[in-house]
Amino acid sequence: MPNREKPDREKNRFSARAARYARVGANVGGVAARYASRRLLGGEPNRAGEASALSSALGRLKGPLMKVAQLMATIPDLLPAEYAFELQKLQSEAPPMGWAFVRRRMIAELGPDWAERFRSFEHHPAAAASLGQVHRARSLDGAALACKLQYPDMQSAVEADLQQLQWLLAIRRRLDTAIDTTEVAKEIGARVREELDYRREAKHVALYRAILDGIDSVRVPRAWPELSTGRLLTLDWLDGSRMLAHKNDPLAVRNRLATAMFTAWWFPFSRFGVIHGDPHLGNYTVFARHGDPAGINLLDYGCVRIFAPKFVGGVVDLYHGLLRGKDDLVVRAYETWGFRGLSRDLIETLNIWARFIYGPLLDDRVRTIADGVKPSEYGRREAFRVHQALKLKGPVTVPREFVFMDRAAIGLGAVFLHLRAELNFYRLFNEAIERFSMERVGKRQAAALEAADL
């Protein structure tokens, strides 16, 4: 991929970090301080007002702290419900940057003649999010393109914001010792740093094209290396409608889309040890075939997690342990994932959450993913029960590999609830893990990573 950027233009600069600390402190620090002081002094929190203020502050800031807030909002019981509700709106409500900014950024990435490399390039972004925004364009030969352009000084902002996250989580650990979030912070930091590297994301696209080759219900775009850099990623534009536009379609259509979602997530994980860690509704659209909704377009590849085959083995072990009542498999799974100091009480507490996540997969019948539950509430009741139990029987350190696996499962379940799908999840899952072995996963993963140059 061509890269005409100046080597030192947007490195992790102290001056940019210092400016970021000041902006974050002014916008977010007051909200965090009010929340912490009320907890420490025993006062009644005004959670709805504070959550709205925090969401507004993060929306103005853009960048990784906003991304972190989105991630934390989707992990049940990590934040109060009022905070989660407000912060989940950030993904779709991020204000875009103007055309003058876009023009400067494109010159920095592709040079002063950048516009001559496109037939057309739309001034107004088609989507704006925490780390960058997407513009529709056309190649010189007329192909429809999606150009994702990163906001300036994001590397400095990442390091400044991740330090702020460390401080905020340290305050939380002082106030609530049930769950040690140290590893959570490490995992979020690693994934957010990866999201800045658009060359790596282009390789993730190639990885998913290799993994999902031949699966007609899921479409993956191609990357355009000659129109991409480390901070500009150009992909095919995949036409499609919003997922929620189909929530009132006939049940057969909704089930078709939900099955495609299940395949897009579980097939790469069970066969290759790879997950798409950001199952937000905005990362999928629905494509039609012969006028009928046929499957999903998988759009964003910044948050992709690659697991060792033994981690996948732990997922399968826990499933069979719960299905057959084999406690030894359950314990082996938790230990494989990195949970330590497992007493019987602690295992029973972890099993509350495991039975919730695995419940639909253990039930050999057509059903919804969770009867009578709203998408925004999926997992929160069970997470609250776990949290309360850990206050008595914990604490527990959540292994870092567990973070995005858990988050992705919750996000996927919420999509099923939005669609009100009715499927036999037991059969779908058993098809996904048919003839499973860690050796096969390892071989498939190695071949796919080599093909994607990862």
# chains A, B, ... in the order shown; residues from 1 in each chain; ligands from 1
>>> residues_around(residues="A:Pro268", least_positions_apart="4", cutoff="10 Å", atoms="only C-alpha atoms", output="number ranges by chain")
A: 207-208, 211-212, 263-264, 272-276, 306, 432, 441, 445
>>> closest_atom_pairs(of="stretch 265-306 of chain A", to="stretch 386-409 of chain A", cutoff="7 Å", atoms="only C-alpha atoms", output="Markdown table")
| residue | atom | partner | partner_atom | distance |
| --- | --- | --- | --- | --- |
| A:Gly277 | CA | A:Ala408 | CA | 5.2 |
| A:Asp278 | CA | A:Ala408 | CA | 6.2 |
| A:Pro279 | CA | A:Ala408 | CA | 5.9 |
>>> atom_distance(atom1="atom CA of A:Glu122", atom2="atom CA of A:Ala146")
10.1 Å
>>> atom_distance(atom1="atom CA of A:Leu299", atom2="atom CA of A:Val220")
7.1 Å
>>> select_by_dssp(residues="stretch 138-299 of chain A", states="alpha helix (DSSP H)", output="PyMOL selection string")
chain A and resi 154-175+182-195+198-211+251-272
>>> atom_distance(atom1="atom CA of A:Val286", atom2="atom CA of A:Arg242")
6.3 Å
>>> closest_residue(among="A:Leu361, A:Gln166, A:Pro293, A:Arg199", to="A:Glu183", atoms="only C-alpha atoms")
A:Gln166
>>> select_by_dssp(residues="stretch 191-294 of chain A", states="strand (DSSP E or B)", output="list in words")
Val218, Arg219, Ala223, Leu232, Leu233, Thr234, Leu235, Asp236, Ser241, Arg242, Val274, Ile275, His276, Tyr284, Thr285, Val286, Phe287, Ala288, Arg289, Asp292, Pro293 and Ala294 of chain A
>>> closest_residue(among="A:Leu323, A:Leu281, A:Val331, A:Leu257", to="A:Gly411", atoms="only C-alpha atoms")
A:Leu281
>>> residues_around(residues="stretch 423-427 of chain A", least_positions_apart="4", cutoff="8 Å", atoms="only C-alpha atoms", output="PDB file with N, CA, C and O atoms, in the first residue's frame")
ATOM      1  N   ASN A 255     -35.405 -15.065  10.283  1.00  0.00           N
ATOM      2  CA  ASN A 255     -34.620 -16.254  10.627  1.00  0.00           C
ATOM      3  C   ASN A 255     -33.439 -16.443   9.673  1.00  0.00           C
ATOM      4  O   ASN A 255     -32.353 -16.860  10.085  1.00  0.00           O
ATOM      5  N   THR A 259     -29.657 -16.506  10.961  1.00  0.00           N
ATOM      6  CA  THR A 259     -28.782 -17.645  10.657  1.00  0.00           C
ATOM      7  C   THR A 259     -27.490 -17.176  10.006  1.00  0.00           C
ATOM      8  O   THR A 259     -26.405 -17.689  10.302  1.00  0.00           O
ATOM      9  N   PRO A 360     -29.366 -21.274  25.210  1.00  0.00           N
ATOM     10  CA  PRO A 360     -30.035 -21.581  23.937  1.00  0.00           C
ATOM     11  C   PRO A 360     -29.332 -22.690  23.152  1.00  0.00           C
ATOM     12  O   PRO A 360     -29.978 -23.412  22.387  1.00  0.00           O
ATOM     13  N   LEU A 361     -28.012 -22.839  23.348  1.00  0.00           N
ATOM     14  CA  LEU A 361     -27.255 -23.851  22.614  1.00  0.00           C
ATOM     15  C   LEU A 361     -27.450 -25.247  23.212  1.00  0.00           C
ATOM     16  O   LEU A 361     -27.132 -26.252  22.560  1.00  0.00           O
ATOM     17  N   LEU A 362     -27.939 -25.298  24.449  1.00  0.00           N
ATOM     18  CA  LEU A 362     -28.163 -26.573  25.128  1.00  0.00           C
ATOM     19  C   LEU A 362     -29.585 -27.088  24.932  1.00  0.00           C
ATOM     20  O   LEU A 362     -29.904 -28.205  25.349  1.00  0.00           O
ATOM     21  N   ASP A 363     -30.434 -26.307  24.307  1.00  0.00           N
ATOM     22  CA  ASP A 363     -31.876 -26.546  24.249  1.00  0.00           C
ATOM     23  C   ASP A 363     -32.271 -26.948  22.829  1.00  0.00           C
ATOM     24  O   ASP A 363     -32.354 -26.102  21.936  1.00  0.00           O
ATOM     25  N   ASP A 364     -32.521 -28.237  22.612  1.00  0.00           N
ATOM     26  CA  ASP A 364     -32.771 -28.752  21.271  1.00  0.00           C
ATOM     27  C   ASP A 364     -34.232 -28.512  20.859  1.00  0.00           C
ATOM     28  O   ASP A 364     -35.059 -29.427  20.839  1.00  0.00           O
ATOM     29  N   ARG A 365     -34.532 -27.244  20.542  1.00  0.00           N
ATOM     30  CA  ARG A 365     -35.861 -26.872  20.070  1.00  0.00           C
ATOM     31  C   ARG A 365     -35.779 -25.511  19.386  1.00  0.00           C
ATOM     32  O   ARG A 365     -34.795 -24.776  19.567  1.00  0.00           O
ATOM     33  N   VAL A 366     -36.790 -25.190  18.624  1.00  0.00           N
ATOM     34  CA  VAL A 366     -36.879 -23.854  18.023  1.00  0.00           C
ATOM     35  C   VAL A 366     -37.324 -22.873  19.102  1.00  0.00           C
ATOM     36  O   VAL A 366     -38.314 -23.106  19.798  1.00  0.00           O
ATOM     37  N   ARG A 367     -36.598 -21.768  19.249  1.00  0.00           N
ATOM     38  CA  ARG A 367     -36.869 -20.810  20.319  1.00  0.00           C
ATOM     39  C   ARG A 367     -36.234 -19.466  19.974  1.00  0.00           C
ATOM     40  O   ARG A 367     -35.442 -19.343  19.032  1.00  0.00           O
ATOM     41  N   THR A 368     -36.562 -18.444  20.751  1.00  0.00           N
ATOM     42  CA  THR A 368     -35.830 -17.183  20.668  1.00  0.00           C
ATOM     43  C   THR A 368     -34.553 -17.332  21.492  1.00  0.00           C
ATOM     44  O   THR A 368     -34.393 -18.282  22.259  1.00  0.00           O
ATOM     45  N   ILE A 369     -33.637 -16.370  21.344  1.00  0.00           N
ATOM     46  CA  ILE A 369     -32.395 -16.444  22.117  1.00  0.00           C
ATOM     47  C   ILE A 369     -32.663 -16.212  23.599  1.00  0.00           C
ATOM     48  O   ILE A 369     -31.963 -16.742  24.464  1.00  0.00           O
ATOM     49  N   GLU A 431     -23.666 -28.094  14.525  1.00  0.00           N
ATOM     50  CA  GLU A 431     -23.124 -28.115  13.166  1.00  0.00           C
ATOM     51  C   GLU A 431     -21.795 -27.365  13.105  1.00  0.00           C
ATOM     52  O   GLU A 431     -20.867 -27.780  12.410  1.00  0.00           O
TER      53      GLU A 431
END
>>> closest_residue(among="A:Val192, A:Ala128, A:Ile357, A:Leu350", to="A:Val158", atoms="only C-alpha atoms")
A:Val192
>>> closest_residue(among="A:Leu298, A:Ala143, A:Val316, A:Val218", to="A:Asp236", atoms="only C-alpha atoms")
A:Ala143
>>> residues_around(residues="A:Glu382", least_positions_apart="5", cutoff="8 Å", atoms="only C-alpha atoms", output="PyMOL selection string")
chain A and resi 352-353+356
>>> residues_around(residues="A:Lys247", least_positions_apart="5", cutoff="9 Å", atoms="only C-alpha atoms", output="list of chain:residue names")
A:Arg254, A:His418, A:Leu419, A:Arg420
>>> closest_residue(among="A:Asp300, A:Glu335, A:Asp161, A:Asp216", to="A:Val134", atoms="only C-alpha atoms")
A:Asp300
>>> residues_around(residues="A:Gly240", least_positions_apart="4", cutoff="9 Å", atoms="only C-alpha atoms", output="VMD selection string")
chain A and resid 284 to 288 296 to 297
